[in-house]
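**Student:** Right, I'll just put the structure down here and ask away after.
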Amino acid sequence: MSKSSSYPTDWSSKESYNGMSHQDSSSGGQSPKPVEYVAPDVANREQKAVNRSKFLVFFTMLLAVSGAAAATYILMEDEEQGDFEASFSGLGSEVSTVTRQKVDQLFTAVDAYSSFVASEARAQSNNWPFVYISDFSLKTEKIAALFGTERPSLVITPFVKQEEKDRWTSFVLEAAPLWYQESIDNEGIDATVEQYMNLTLPFIHHFAKVGNETITVPTRTQGTITPNWQRYPLQPGVGGKNSKGFLVTCYDLQELPEVADLIKISNSTLRPSIGFTRLPDTRPGRIDKFVVDSQIMQPIMDKGNVVGMIWLRVPWLEFFQNLFNDGIFGTIIVIRSNCEIDDAIRVLSFSIHGTSADFLGEFDAHDPKYDDQVVTKVLLDLNLDSEDIPEGLCAPILTLDIYPTDELAVTFETSKPKLYTTVVVAIFAFTSLVFILYDYYVGRRQRKFMERIVKQDQIVSNVFPAAIRDRLYESGQKGSQNDALFDPLGGGGGTASSPLADLFPETTIVFADIAGFTAWASAREPAQVFILLETIYGAFDKHAYRHSVFKVETVGDCYVAVAGLPEPDRNHAATVCRFARDCVKTMKEITVKLEVALGPDTSALDLRVGIHSGQVTAGVLRGERSRFQLFGDTMNTAARMESTSERNRIQVSQVTADLLVASGLSAWITPKKSKVFVKGKGEMQTFWLNTKATKATKPSKSGNEMPTVAETLTDFSDSSSVSIMVDNLDLDGVEDMTKRERLVEYNVELLTTLLQQIIASRGTVVARNNKSISKAEATIGTGDTVLEEFVPIIPLKRFDAGDLSKRQKASSIDIGHEAKNQLRNFITNVSSMYRDNPFHNFEHASHVTASVKKLLARIVNVDDGNGLKVSTDSVDFVDMAGHSYGITSDPLTQFSVLFSAIIHDMDHPGVPNAQLVKENTRSAQIFKKSVAEQNSVELAWAMLMGKEYDALRACIYHTEDDLRRFRQLVVNAVMATDIVDKELQDLRKARWETAFAGTSVQDETSDDCKATIVIEHLIQASDVSHTMQHWHIYKAWNEKFFMECYGAYKAGRGDSDPSKTWYRGEIGFFDFYVIPLARKLESCGVFGVSSHEYLSYATSNRAEWAREGEKLVQKYLAKYDEEMTKR
């Protein structure tokens, strides 16, 4: 092949097909780097413009509604704020007026009391300071309410000169007992005058601190003395008694600095004065807190002279108690003093809550946000002349500031701002919703359109190389009316556009065909067929991707690929050979692993490969279903290389072999001993590619690894029973298993899936009564023979649509590790109890099981009015009511039939029952008839009842009814496989005629009868399913059966030579059993297309046997003799 041949420049300059970038001929044939598929840039700019417009519209609407909502909210809040401010202005005025009135009343009362005291003194003709007011406590109590508190602290303190001290002491000792007694009587004090007198010191005193003790000492005042005299109330209050237990009677008030200052101011101005005093708060829980009292000093005038003082203490907290009604709350009152003397109290804050008040502290406690709502009023101004006030002292002017609080403000808050704002937002939301909804539907339509375009482009990119794809797009854009792909002639009879085709002078083509696929597929469900093909072809695609091989097409089970186009590859022959080697190796690995999921004979599938090199014409054959195709002699020769190849072998032509030799790879090939005759070419020398010369290329770690079998199975559509089975399938280590072990795993997975469905169908049920079930297990099957248990009608579990809501998803059920291991152990033991017969062996039992599964999966619903109504490819137990008369609505029924298929030939001796009876074997002595079948049931049941399978049995049946139904189904199903017993056959025939030939009434008994018959015929058909499958399958199993029967004859266990009657016997078997049985499957109307498929294969096999049977019998005999010779 010339290396100087030119390639189409318009293709070699493009990027490769399917997202792969190839190198030119100078690259040395190295694998290219993969490039990911990129979706076409269709209308991207227009879509971006639309998106910008939508965003702008939405953003504008959002701004508009935000502004409207904000304005609405602000306006409504301003309205509420206005109402609040107006209301509080009136409330603050009311509070200030009431407070000022009470203060004015207090000072008026104090002034009046001073006049009263002076008047009393004059009336008693007493001279000051020796004045005693009789009934002092009673008279003071009557006017106390005018002072603003319930129990004011009031003291009369006369002015005593120094020279009057001794006389004053004598006066006190004489007068004190009198007013003590009056006060005790009026105030109800529990004390005596003597007790008070014992606490009264006979001199004017004050308290002094000596070390850690407080003692009383004579007053230090040098001028006029102001002793504490008559006071109300008498009962000592806070500070009324010193630490030694003395009363404050005769205590010099001028010893108290704050009181002394007030006395000085009132004595100088002849007017009342006021000050603040901190006192401990005696209320519970207020330890270490202080309250503030007002100290009011009112001069007592006699003949124009000040002769004493009225000292009144009024607690501000008590002043505000009960001052306001309940309608006034949430208010802060701040009293401010204008005095700036150090340590003077300047600010007091109180909170008002209706009739109660709280002292907040000596600070301004109002919230600054309410500064502009303050109501201010002068609370007290004594109008004192500052010149009359002694230096260093201050007569305060008290100002009252009233503020609202959040507690009051919240009462004016309404839902109107939020409500109106919500309405505005709701209007916007509705408008936006309409806009979004409209945009959604428009966008969805656009997305679907774009998704369709992308998918179409992906399909086109997968079918055509990228260069061809681009040329198709370009021709489509240039052609305005005619589609160059579907209308190449343009409707005018001439060529509308040039064909998309080129000549590629240097290519290598490979054909890889799955040998045995057609026969294998005839025994499988459609889903199983596609799982196999998708898994194998998916792996081949990965190899093609890594080796830069272009996948041309798959024709049935044949995979076609090429190297050297659309990009040149100078080592195209070696590239394809490497690819073919990997495919052969991968094929065997996959089929071995898939046998666990897809059943027996899967591992027997092999790959047959042919390779040829040469020039091809490649391009798009336009018209309906256009695709990229290859034409030419190279294509035909490569196909001939495959068809004349052998299983697991790669046959290459002379041309390809020469290219390998030229590349220094002569060790890869071995010449065939004989030439191959190729139609149209005559004899050709071909070569075998040494498949073991190199190992298959391992996947790279760049993220393009070949998928595992489990991944391929998992990705398969969940519409098949196969996908249900492989959900929890563990394929690790499958390649190291023997064929028997793989078949065991296959059966284990089938039964595990049905056990999951059985458990799921129970829903919420009562606990399993193990004692009752154990008792039933001990009694079931204890009769003389199994055949005696056979019944014509098995009552099946009725389908209840109400149970559907209680059922769980089967795939989510875990039967448990113990039960799964017990099931595996049971099936393994069953397989070991099958004898090594050519036909009646464990492989045949698995083949029967696969057929049962296929037929169960094809069951359809029967409707009297509409005929075949619903079909399903799934054995999922959640099906429609009436499925096959209740068969598929009860997973236990399905499990029982599959279980029966697995065990039905256990310990089969390889000879018919008649021979066993003739030989009078032990089993024949026990069972008399249907010997092998009854023996299989007995062995399997005895093994299943063993203690080692407790967990497995708990999964199979949960109640005694389930146990009995399971046993009866197994008995009937296995007994149905005895097709020689004339009595059983006649009984089945009569029941069939009664159930299906006539128009019987549809009721539960009728459905149970039909279901029983269908189950029996299902397993009968499965037992001879090889006769109703592909010819190659029939031929293979027929040969095995012949070998078994002929071997028994040769061993002296047969009366006649089967080879003499085998040909005619098979024709009779087809005519009188197989074909009638297939017709029954079709006529019962529950197996869908599978029944027609079985009948079609049975008819076809019968005709083929009639033509080839006699020759095959001779081949069987020759093969038997050959095997005997080898032994």
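By convention here, the chains of the structure tokens are called A, B, ... in the order presented, each chain's residues are numbered starting at 1, and ligands are numbered starting at 1 in the order presented.
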For Asp166 (chain A), list every protein, DNA or RNA residue within 12 Å, evaluated using only C-alpha atoms, and leave out those in the same chain fewer than 6 positions away; present the list as a PyMOL selection string.

**Tutor:** chain A and resi 130+160+172-173+202-204+218+250

**Student:** As a PyMOL selection string, which residues of region 561-590 of chain A does DSSP assign to alpha helix (DSSP H)?

**Tutor:** chain A and resi 572-590

**Student:** Would you please work out which residue, of A:Ala523, A:Val334, A:Val375, A:Ala260, is nearest to Ser87 (chain A) when using only C-alpha atoms?

**Tutor:** A:Val375

**Student:** May I ask which of the residues A:Val1024, A:Met587, A:Val95, A:Ile793 is the closest one to Pro404 (chain A), counting only C-alpha atoms?

**Tutor:** A:Val95

**Student:** Enumerate, as a ChimeraX atom specification, the complete set of residues in region 342-556 of chain A that a backbone-based DSSP assignment places in strand (DSSP E).

**Tutor:** /A:347-353,356-361,375-380,398-404,500-515,550-555

**Student:** Could you pull the residues within 9 Å of His1030 (chain A), counting only C-alpha atoms, minus those fewer than 5 positions along the same chain, as a short mmCIF file (atom, residue, chain, number, x, y, z; two decimals) with N, CA and C atoms, in the first residue's frame?

**Tutor:**
```cif
data_model
loop_
_atom_site.label_atom_id
_atom_site.label_comp_id
_atom_site.auth_asym_id
_atom_site.auth_seq_id
_atom_site.Cartn_x
_atom_site.Cartn_y
_atom_site.Cartn_z
N THR A 518 -27.44 -15.71 18.22
CA THR A 518 -28.82 -15.90 17.78
C THR A 518 -29.51 -16.98 18.58
N ALA A 519 -28.83 -18.08 18.77
CA ALA A 519 -29.40 -19.16 19.56
C ALA A 519 -29.57 -18.74 21.02
N TRP A 520 -28.56 -18.10 21.57
CA TRP A 520 -28.64 -17.63 22.96
C TRP A 520 -29.80 -16.67 23.15
N ALA A 521 -29.99 -15.74 22.23
CA ALA A 521 -31.04 -14.72 22.36
C ALA A 521 -32.43 -15.34 22.30
N SER A 522 -32.57 -16.46 21.64
CA SER A 522 -33.90 -17.08 21.52
C SER A 522 -34.42 -17.57 22.86
N ALA A 523 -33.55 -17.77 23.82
CA ALA A 523 -33.95 -18.26 25.14
C ALA A 523 -33.97 -17.16 26.18
N LYS A 1035 -30.64 -28.48 18.99
CA LYS A 1035 -29.71 -29.50 18.51
C LYS A 1035 -28.72 -29.88 19.61
N TYR A 1097 -40.82 -21.36 16.99
CA TYR A 1097 -39.58 -22.12 17.06
C TYR A 1097 -39.87 -23.63 17.04
N ALA A 1098 -40.93 -24.06 17.72
CA ALA A 1098 -41.25 -25.49 17.73
C ALA A 1098 -41.57 -25.99 16.32
N SER A 1100 -40.63 -24.58 13.49
CA SER A 1100 -39.41 -24.49 12.69
C SER A 1100 -38.45 -25.62 13.00
N ASN A 1101 -38.26 -25.94 14.28
CA ASN A 1101 -37.35 -27.01 14.67
C ASN A 1101 -37.84 -28.38 14.19
#
```

**Student:** Set the distance at 9 Å and use only C-alpha atoms: which residues neighbour Ala951 (chain A) once local chain neighbours fewer than 3 positions away are removed? I'd like the list as a list in words.

**Tutor:**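 Surrounding residues, per the criterion: Gly816, Glu818, Ala819, Lys820, Gln822, Lys947, Glu948, Ala954, Cys955 and Ile956 of chain A.
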
**Student:** Can you measure CA of Glu150 (chain A) to CA of Met197 (chain A) for me? One decimal in Å is fine.

**Tutor:**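 Taking CA of Glu150 (chain A) as the start and CA of Met197 (chain A) as the end point, the length is 27.4 Å.
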
**Student:** Write out as a Markdown table a residue-level contact list of region 493-538 of chain A versus region 572-578 of chain A with cut-off 10 Å: for each qualifying residue the closest pair of atoms and the distance in Å to one decimal, counting only C-alpha atoms, rows sorted by chain and residue number upward.

**Tutor:**
```
| residue | atom | partner | partner_atom | distance |
| --- | --- | --- | --- | --- |
| A:Glu506 | CA | A:His572 | CA | 7.7 |
| A:Thr507 | CA | A:His572 | CA | 6.2 |
| A:Thr508 | CA | A:Ala573 | CA | 5.5 |
| A:Ile509 | CA | A:Val576 | CA | 7.4 |
| A:Val510 | CA | A:Val576 | CA | 6.9 |
```

**Student:** For those residues, write N, CA, C and O atoms to a file as an mmCIF file, in the first residue's frame.

**Tutor:**
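Result saved to out18.cif:
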```
data_model
loop_
_atom_site.group_PDB
_atom_site.id
_atom_site.type_symbol
_atom_site.label_atom_id
_atom_site.label_comp_id
_atom_site.auth_asym_id
_atom_site.auth_seq_id
_atom_site.Cartn_x
_atom_site.Cartn_y
_atom_site.Cartn_z
ATOM 1 N N GLU A 506 -5.929 4.258 2.509
ATOM 2 C CA GLU A 506 -5.224 3.438 3.493
ATOM 3 C C GLU A 506 -6.085 3.287 4.743
ATOM 4 O O GLU A 506 -6.129 4.174 5.599
ATOM 5 N N THR A 507 -6.774 2.177 4.832
ATOM 6 C CA THR A 507 -7.634 1.896 5.992
ATOM 7 C C THR A 507 -7.532 0.417 6.328
ATOM 8 O O THR A 507 -7.116 -0.406 5.518
ATOM 9 N N THR A 508 -7.944 0.103 7.536
ATOM 10 C CA THR A 508 -8.081 -1.292 7.968
ATOM 11 C C THR A 508 -9.443 -1.427 8.633
ATOM 12 O O THR A 508 -9.785 -0.646 9.537
ATOM 13 N N ILE A 509 -10.201 -2.433 8.184
ATOM 14 C CA ILE A 509 -11.560 -2.636 8.672
ATOM 15 C C ILE A 509 -11.618 -3.927 9.470
ATOM 16 O O ILE A 509 -11.003 -4.932 9.101
ATOM 17 N N VAL A 510 -12.379 -3.899 10.573
ATOM 18 C CA VAL A 510 -12.552 -5.069 11.411
ATOM 19 C C VAL A 510 -14.034 -5.382 11.536
ATOM 20 O O VAL A 510 -14.862 -4.488 11.742
#
```

**Student:** Would you mind telling me which residue in A:Ser114, A:Gln1114, A:Ser266, A:Gln298 lies nearest to Phe1042 (chain A) when using only C-alpha atoms?

**Tutor:**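 The answer is A:Gln1114, which sits nearest to Phe1042 (chain A).
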
**Student:** Extract, using only C-alpha atoms, all DNA, RNA and protein residues at most 6 Å from region 349-360 of chain A, discarding same-chain residues fewer than 6 positions from it, and format them as a PyMOL selection string.

**Tutor:** chain A and resi 321-322+324-326+328-329+331-334

**Student:** Could you write those residues out with C-alpha atoms, as a CSV table (one decimal), in the first residue's frame?

**Tutor:**
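Result went into result-v3.csv, see below:
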```csv
chain,number,residue,atom,x,y,z
A,321,GLN,CA,-48.1,55.8,93.5
A,322,ASN,CA,-51.8,55.9,92.8
A,324,PHE,CA,-52.6,58.4,87.8
A,325,ASN,CA,-55.3,56.1,86.5
A,326,ASP,CA,-54.8,52.9,84.5
A,328,ILE,CA,-51.7,56.3,81.7
A,329,PHE,CA,-48.9,53.9,81.1
A,331,THR,CA,-44.5,56.9,80.3
A,332,ILE,CA,-41.1,58.1,81.7
A,333,ILE,CA,-41.1,61.0,84.1
A,334,VAL,CA,-37.8,62.8,84.6
```

**Student:** So how many Å separate CA of Ala1011 (chain A) and CA of Tyr885 (chain A), to one decimal?

**Tutor:**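 Computed distance, CA of Ala1011 (chain A) to CA of Tyr885 (chain A), equals 5.5 Å.
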
**Student:** Which polymer residues have any atom within 12 Å of an atom of Thr421 (chain A), counting only C-alpha atoms, with same-chain residues fewer than 4 positions away left out, as a list of chain:residue names?

**Tutor:**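 Those residues are A:Val65, A:Ser66, A:Gly67, A:Ala68, A:Ala69, A:Ala70, A:Ala71, A:Thr72, A:Tyr73, A:Ile74, A:Leu75, A:Met76, A:Glu77, A:Ser415, A:Lys416, A:Pro417, A:Val425, A:Ala426, A:Ile427, A:Phe428, A:Ala429.
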
**Student:** Only C-alpha atoms, please: the residues just picked out, written as a PDB file, in the first residue's frame.

**Tutor:**
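Once everything was written out, this is again-v2.pdb:
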```
ATOM      1  CA  VAL A  65     -42.619  47.629  43.491  1.00  0.00           C
ATOM      2  CA  SER A  66     -39.832  48.243  45.995  1.00  0.00           C
ATOM      3  CA  GLY A  67     -40.364  51.987  45.681  1.00  0.00           C
ATOM      4  CA  ALA A  68     -44.152  51.676  45.868  1.00  0.00           C
ATOM      5  CA  ALA A  69     -43.982  49.323  48.824  1.00  0.00           C
ATOM      6  CA  ALA A  70     -41.494  51.559  50.647  1.00  0.00           C
ATOM      7  CA  ALA A  71     -43.575  54.674  50.005  1.00  0.00           C
ATOM      8  CA  THR A  72     -46.755  52.948  51.145  1.00  0.00           C
ATOM      9  CA  TYR A  73     -45.133  51.675  54.273  1.00  0.00           C
ATOM     10  CA  ILE A  74     -43.552  55.037  55.133  1.00  0.00           C
ATOM     11  CA  LEU A  75     -46.811  56.947  54.572  1.00  0.00           C
ATOM     12  CA  MET A  76     -48.799  54.567  56.729  1.00  0.00           C
ATOM     13  CA  GLU A  77     -46.157  54.621  59.451  1.00  0.00           C
ATOM     14  CA  SER A 415     -51.208  46.226  60.716  1.00  0.00           C
ATOM     15  CA  LYS A 416     -52.168  48.858  58.181  1.00  0.00           C
ATOM     16  CA  PRO A 417     -48.596  49.607  56.961  1.00  0.00           C
ATOM     17  CA  VAL A 425     -46.185  43.403  46.974  1.00  0.00           C
ATOM     18  CA  ALA A 426     -48.926  40.867  46.252  1.00  0.00           C
ATOM     19  CA  ILE A 427     -49.904  42.764  43.132  1.00  0.00           C
ATOM     20  CA  PHE A 428     -46.271  42.704  42.056  1.00  0.00           C
ATOM     21  CA  ALA A 429     -45.945  39.046  42.990  1.00  0.00           C
TER      22      ALA A 429
END
```

**Student:** If I take CA of Lys377 (chain A) and CA of Asp401 (chain A), how far is one from the other in Å, to one decimal?

**Tutor:**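 Taking CA of Lys377 (chain A) as the start and CA of Asp401 (chain A) as the end point, the length is 6.6 Å.
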
**Student:** Could you tell me which of A:Lys303, A:Arg313, A:Lys369, A:Lys989 comes closest to Val259 (chain A) if we count only C-alpha atoms?

**Tutor:**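 Ranked by minimum distance to Val259 (chain A), first place goes to A:Arg313.
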